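Visitor: For reference, the file upload01.pdb (PDB, C-alpha atoms) is included below:
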```pdb
ATOM      1  CA  ILE Z  24      -3.444-177.645  20.240  1.00  0.00           C
ATOM      2  CA  VAL Z  25      -2.291-181.180  19.507  1.00  0.00           C
ATOM      3  CA  SER Z  26      -2.761-182.549  23.014  1.00  0.00           C
ATOM      4  CA  ASN Z  27      -6.226-180.997  23.418  1.00  0.00           C
ATOM      5  CA  ILE Z  28      -7.723-181.765  20.008  1.00  0.00           C
ATOM      6  CA  ILE Z  29      -9.421-184.894  21.313  1.00  0.00           C
ATOM      7  CA  MET Z  30     -11.517-182.683  23.630  1.00  0.00           C
ATOM      8  CA  LEU Z  31     -12.647-180.233  20.933  1.00  0.00           C
ATOM      9  CA  GLU Z  32     -16.031-181.771  20.161  1.00  0.00           C
ATOM     10  CA  LYS Z  33     -16.904-181.948  23.853  1.00  0.00           C
ATOM     11  CA  GLN Z  34     -15.777-178.374  24.486  1.00  0.00           C
ATOM     12  CA  LEU Z  35     -17.872-177.078  21.585  1.00  0.00           C
ATOM     13  CA  GLY Z  36     -20.879-179.296  22.243  1.00  0.00           C
ATOM     14  CA  LEU Z  37     -20.457-181.093  18.917  1.00  0.00           C
ATOM     15  CA  LYS Z  38     -20.666-184.647  20.194  1.00  0.00           C
ATOM     16  CA  ASN Z  39     -22.697-186.832  17.821  1.00  0.00           C
ATOM     17  CA  LYS Z  40     -23.054-183.969  15.332  1.00  0.00           C
ATOM     18  CA  LYS Z  41     -21.576-184.140  11.848  1.00  0.00           C
ATOM     19  CA  HIS Z  42     -18.890-181.521  11.337  1.00  0.00           C
ATOM     20  CA  LYS Z  43     -15.613-180.848   9.552  1.00  0.00           C
ATOM     21  CA  LEU Z  44     -12.465-179.403  11.062  1.00  0.00           C
ATOM     22  CA  PHE Z  45     -10.225-177.117   9.021  1.00  0.00           C
ATOM     23  CA  TYR Z  46      -6.692-175.989   9.777  1.00  0.00           C
ATOM     24  CA  PHE Z  47      -4.970-172.777   8.735  1.00  0.00           C
ATOM     25  CA  GLY Z  48      -1.473-172.082   9.969  1.00  0.00           C
ATOM     26  CA  ASP Z  49       1.933-171.064   8.683  1.00  0.00           C
ATOM     27  CA  ILE Z  50       3.209-172.648   5.508  1.00  0.00           C
ATOM     28  CA  ASP Z  51       6.479-173.860   6.951  1.00  0.00           C
ATOM     29  CA  TYR Z  52       7.762-177.261   8.034  1.00  0.00           C
ATOM     30  CA  GLU Z  53       6.581-176.774  11.612  1.00  0.00           C
ATOM     31  CA  GLY Z  54       3.085-175.600  10.661  1.00  0.00           C
ATOM     32  CA  ILE Z  55       2.696-178.508   8.255  1.00  0.00           C
ATOM     33  CA  SER Z  56       3.919-180.970  10.892  1.00  0.00           C
ATOM     34  CA  ILE Z  57       1.402-179.569  13.392  1.00  0.00           C
ATOM     35  CA  TRP Z  58      -1.407-180.076  10.870  1.00  0.00           C
ATOM     36  CA  ASN Z  59      -0.203-183.624  10.151  1.00  0.00           C
ATOM     37  CA  THR Z  60      -0.086-184.535  13.840  1.00  0.00           C
ATOM     38  CA  LEU Z  61      -3.568-183.092  14.373  1.00  0.00           C
ATOM     39  CA  ASN Z  62      -4.808-184.943  11.311  1.00  0.00           C
ATOM     40  CA  GLU Z  63      -3.530-188.218  12.762  1.00  0.00           C
ATOM     41  CA  LYS Z  64      -5.734-187.656  15.830  1.00  0.00           C
ATOM     42  CA  ARG Z  65      -8.790-186.195  14.051  1.00  0.00           C
ATOM     43  CA  HIS Z  66      -9.493-185.801  10.352  1.00  0.00           C
ATOM     44  CA  ILE Z  67      -8.573-182.158   9.798  1.00  0.00           C
ATOM     45  CA  ILE Z  68      -8.596-180.602   6.355  1.00  0.00           C
ATOM     46  CA  PRO Z  69      -6.172-177.848   5.375  1.00  0.00           C
ATOM     47  CA  ALA Z  70      -8.168-174.686   4.578  1.00  0.00           C
ATOM     48  CA  VAL Z  71      -6.906-174.646   1.000  1.00  0.00           C
ATOM     49  CA  THR Z  72      -8.853-171.519   0.048  1.00  0.00           C
ATOM     50  CA  PHE Z  73      -6.994-169.542   2.710  1.00  0.00           C
ATOM     51  CA  TYR Z  74      -3.635-171.087   1.806  1.00  0.00           C
ATOM     52  CA  SER Z  75      -4.170-170.389  -1.901  1.00  0.00           C
ATOM     53  CA  LYS Z  76      -4.676-166.703  -1.159  1.00  0.00           C
ATOM     54  CA  LEU Z  77      -1.579-166.730   1.046  1.00  0.00           C
ATOM     55  CA  LEU Z  78       0.444-168.277  -1.804  1.00  0.00           C
ATOM     56  CA  GLU Z  79      -0.324-165.182  -3.893  1.00  0.00           C
ATOM     57  CA  LYS Z  80       1.746-163.110  -1.454  1.00  0.00           C
ATOM     58  CA  LEU Z  81       5.495-162.741  -1.255  1.00  0.00           C
ATOM     59  CA  ALA Z  82       7.135-165.466   0.816  1.00  0.00           C
ATOM     60  CA  ALA Z  83       9.368-164.547   3.741  1.00  0.00           C
ATOM     61  CA  GLN Z  84      12.901-165.827   4.255  1.00  0.00           C
ATOM     62  CA  GLY Z  85      13.926-167.665   7.369  1.00  0.00           C
ATOM     63  CA  LYS Z  86      13.086-170.802   9.299  1.00  0.00           C
ATOM     64  CA  GLU Z  87      16.534-172.304   8.643  1.00  0.00           C
ATOM     65  CA  ASN Z  88      16.380-174.482  11.772  1.00  0.00           C
ATOM     66  CA  GLN Z  89      13.163-176.323  10.981  1.00  0.00           C
ATOM     67  CA  LYS Z  90      13.376-179.953   9.947  1.00  0.00           C
ATOM     68  CA  GLU Z  91      11.478-181.298   6.984  1.00  0.00           C
ATOM     69  CA  ASN Z  92       8.947-184.035   7.674  1.00  0.00           C
ATOM     70  CA  VAL Z  93       8.606-185.552   4.190  1.00  0.00           C
ATOM     71  CA  GLY Z  94       5.511-187.589   5.049  1.00  0.00           C
ATOM     72  CA  ALA Z  95       3.732-184.589   6.557  1.00  0.00           C
ATOM     73  CA  LEU Z  96       4.614-182.421   3.566  1.00  0.00           C
ATOM     74  CA  GLU Z  97       3.345-185.016   1.081  1.00  0.00           C
ATOM     75  CA  ASN Z  98       0.121-185.481   3.064  1.00  0.00           C
ATOM     76  CA  PHE Z  99      -0.384-181.710   3.143  1.00  0.00           C
ATOM     77  CA  ILE Z 100       0.250-180.967  -0.518  1.00  0.00           C
ATOM     78  CA  ASP Z 101      -2.111-183.763  -1.579  1.00  0.00           C
ATOM     79  CA  TYR Z 102      -4.892-181.239  -0.903  1.00  0.00           C
ATOM     80  CA  PHE Z 103      -3.481-178.688  -3.364  1.00  0.00           C
ATOM     81  CA  SER Z 104      -3.214-178.429  -7.121  1.00  0.00           C
ATOM     82  CA  ASN Z 105       0.028-179.724  -8.617  1.00  0.00           C
ATOM     83  CA  GLU Z 106       1.124-176.152  -9.266  1.00  0.00           C
ATOM     84  CA  GLU Z 107       0.503-175.017  -5.691  1.00  0.00           C
ATOM     85  CA  GLY Z 108       2.005-178.192  -4.215  1.00  0.00           C
ATOM     86  CA  ASN Z 109       5.169-177.776  -6.271  1.00  0.00           C
ATOM     87  CA  LYS Z 110       5.394-174.109  -5.272  1.00  0.00           C
ATOM     88  CA  ILE Z 111       5.121-175.012  -1.591  1.00  0.00           C
ATOM     89  CA  LYS Z 112       7.826-177.700  -1.846  1.00  0.00           C
ATOM     90  CA  MET Z 113      10.188-175.460  -3.828  1.00  0.00           C
ATOM     91  CA  LEU Z 114       9.843-172.488  -1.497  1.00  0.00           C
ATOM     92  CA  LEU Z 115      10.288-174.571   1.647  1.00  0.00           C
ATOM     93  CA  LYS Z 116      13.425-176.196   0.226  1.00  0.00           C
ATOM     94  CA  GLN Z 117      14.787-172.690  -0.391  1.00  0.00           C
ATOM     95  CA  ARG Z 118      13.959-171.840   3.279  1.00  0.00           C
ATOM     96  CA  TYR Z 119      11.117-169.466   2.484  1.00  0.00           C
ATOM     97  CA  TYR Z 120       7.816-169.649   4.313  1.00  0.00           C
ATOM     98  CA  TYR Z 121       4.420-168.002   4.569  1.00  0.00           C
ATOM     99  CA  PRO Z 122       3.253-166.831   7.988  1.00  0.00           C
ATOM    100  CA  GLN Z 123      -0.515-167.073   8.368  1.00  0.00           C
ATOM    101  CA  GLU Z 124      -0.409-163.415   9.392  1.00  0.00           C
ATOM    102  CA  GLY Z 125       0.376-162.686   5.734  1.00  0.00           C
ATOM    103  CA  LEU Z 126      -3.372-162.449   5.229  1.00  0.00           C
ATOM    104  CA  ARG Z 127      -4.899-159.249   6.522  1.00  0.00           C
ATOM    105  CA  LYS Z 128      -7.996-159.334   8.703  1.00  0.00           C
ATOM    106  CA  ASP Z 129     -10.192-158.030   5.868  1.00  0.00           C
ATOM    107  CA  GLU Z 130      -8.823-160.684   3.479  1.00  0.00           C
ATOM    108  CA  ILE Z 131      -9.583-163.434   5.988  1.00  0.00           C
ATOM    109  CA  GLY Z 132     -13.111-162.076   6.412  1.00  0.00           C
ATOM    110  CA  GLU Z 133     -13.677-161.981   2.663  1.00  0.00           C
ATOM    111  CA  ILE Z 134     -12.386-165.528   2.180  1.00  0.00           C
ATOM    112  CA  TRP Z 135     -14.466-166.775   5.123  1.00  0.00           C
ATOM    113  CA  ARG Z 136     -17.666-165.257   3.725  1.00  0.00           C
ATOM    114  CA  LYS Z 137     -17.096-167.151   0.460  1.00  0.00           C
ATOM    115  CA  PHE Z 138     -15.617-170.274   2.062  1.00  0.00           C
ATOM    116  CA  ASP Z 139     -17.043-173.472   0.619  1.00  0.00           C
ATOM    117  CA  GLY Z 140     -15.174-175.940   2.783  1.00  0.00           C
ATOM    118  CA  ILE Z 141     -12.188-176.519   0.547  1.00  0.00           C
TER     119      ILE Z 141
END
```
Reformat the file's structure so that it appears as structure tokens.

Guide:
Amino acid sequence: IVSNIIMLEKQLGLKNKKHKLFYFGDIDYEGISIWNTLNEKRHIIPAVTFYSKLLEKLAAQGKENQKENVGALENFIDYFSNEEGNKIKMLLKQRYYYPQEGLRKDEIGEIWRKFDGI
């Protein structure tokens, strides 16, 4: 994903057209670092509406071997409310995470239909 993001507009025929890119991945250190790296190459907004719904679920334990990227985490949580940002930081420090698969297909469809770009 990261190495090919610079080709996205060309691949989708979006050259010279105004558009926004959104990212939705796991809420773990690796997923957040991927978003941050992508965001450094292209302005990519975390799909907060999807993440907010994911934060309503139970977090999973694991991911003990991932390394925290403090800058990436701070950049990421800037898009969230203070409450959600603090929840994300606390859970990651305790080695919990949210896989994007925590949202069912029907939930993703419902969120997408109402998605307002935030």

Visitor: What is the distance, in Å and to one decimal place, between CA of Glu63 in chain Z and CA of Ala83 in chain Z?

Guide: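 One can read the CA of Glu63 in chain Z to CA of Ala83 in chain Z distance as 28.4 Å.
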
Visitor: Using all atoms listed in the file, find each residue of range 62-82 of chain Z with at least one atom at most 12 Å away from an atom of range 112-130 of chain Z; report its shortest atom-to-atom pair and that distance in Å (one decimal), sort the rows by chain and rising residue number, and return the result as a tab-separated table.

Guide:
```
residue	atom	partner	partner_atom	distance
Z:Ala70	CA	Z:Gln123	CA	11.4
Z:Thr72	CA	Z:Glu130	CA	11.4
Z:Phe73	CA	Z:Leu126	CA	8.4
Z:Tyr74	CA	Z:Gln123	CA	8.3
Z:Ser75	CA	Z:Leu126	CA	10.7
Z:Lys76	CA	Z:Leu126	CA	7.8
Z:Leu77	CA	Z:Leu126	CA	6.2
Z:Leu78	CA	Z:Tyr121	CA	7.5
Z:Glu79	CA	Z:Gly125	CA	10.0
Z:Lys80	CA	Z:Gly125	CA	7.3
Z:Leu81	CA	Z:Tyr121	CA	7.9
Z:Ala82	CA	Z:Tyr121	CA	5.3
```

Visitor: Which residues are close to His66 in chain Z, i.e. within 8 Å by all atoms listed in the file, leaving aside same-chain residues fewer than 3 positions away? Reply as a list in words.

Guide: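 Once the adjacent positions are removed, what remains is Lys43, Leu44, Leu61, Asn62 and Glu63 of chain Z.
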
Visitor: Could you pull the residues within 12 Å of range 90-98 of chain Z, counting all atoms listed in the file, minus those fewer than 4 positions along the same chain, as a PyMOL selection string?

Guide: chain Z and resi 50-63+67-69+86+102-103+105+108-109+111-113+115-118

Visitor: Hey, can you check how far CA of Phe45 in chain Z sits from CA of Arg65 in chain Z?

Guide: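 It comes out at 10.5 Å.
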
Visitor: Grab the CA of Lys64 in chain Z to CA of Gln89 in chain Z distance for me, in Å with one decimal place.

Guide: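 Separation between CA of Lys64 in chain Z and CA of Gln89 in chain Z: 22.6 Å.
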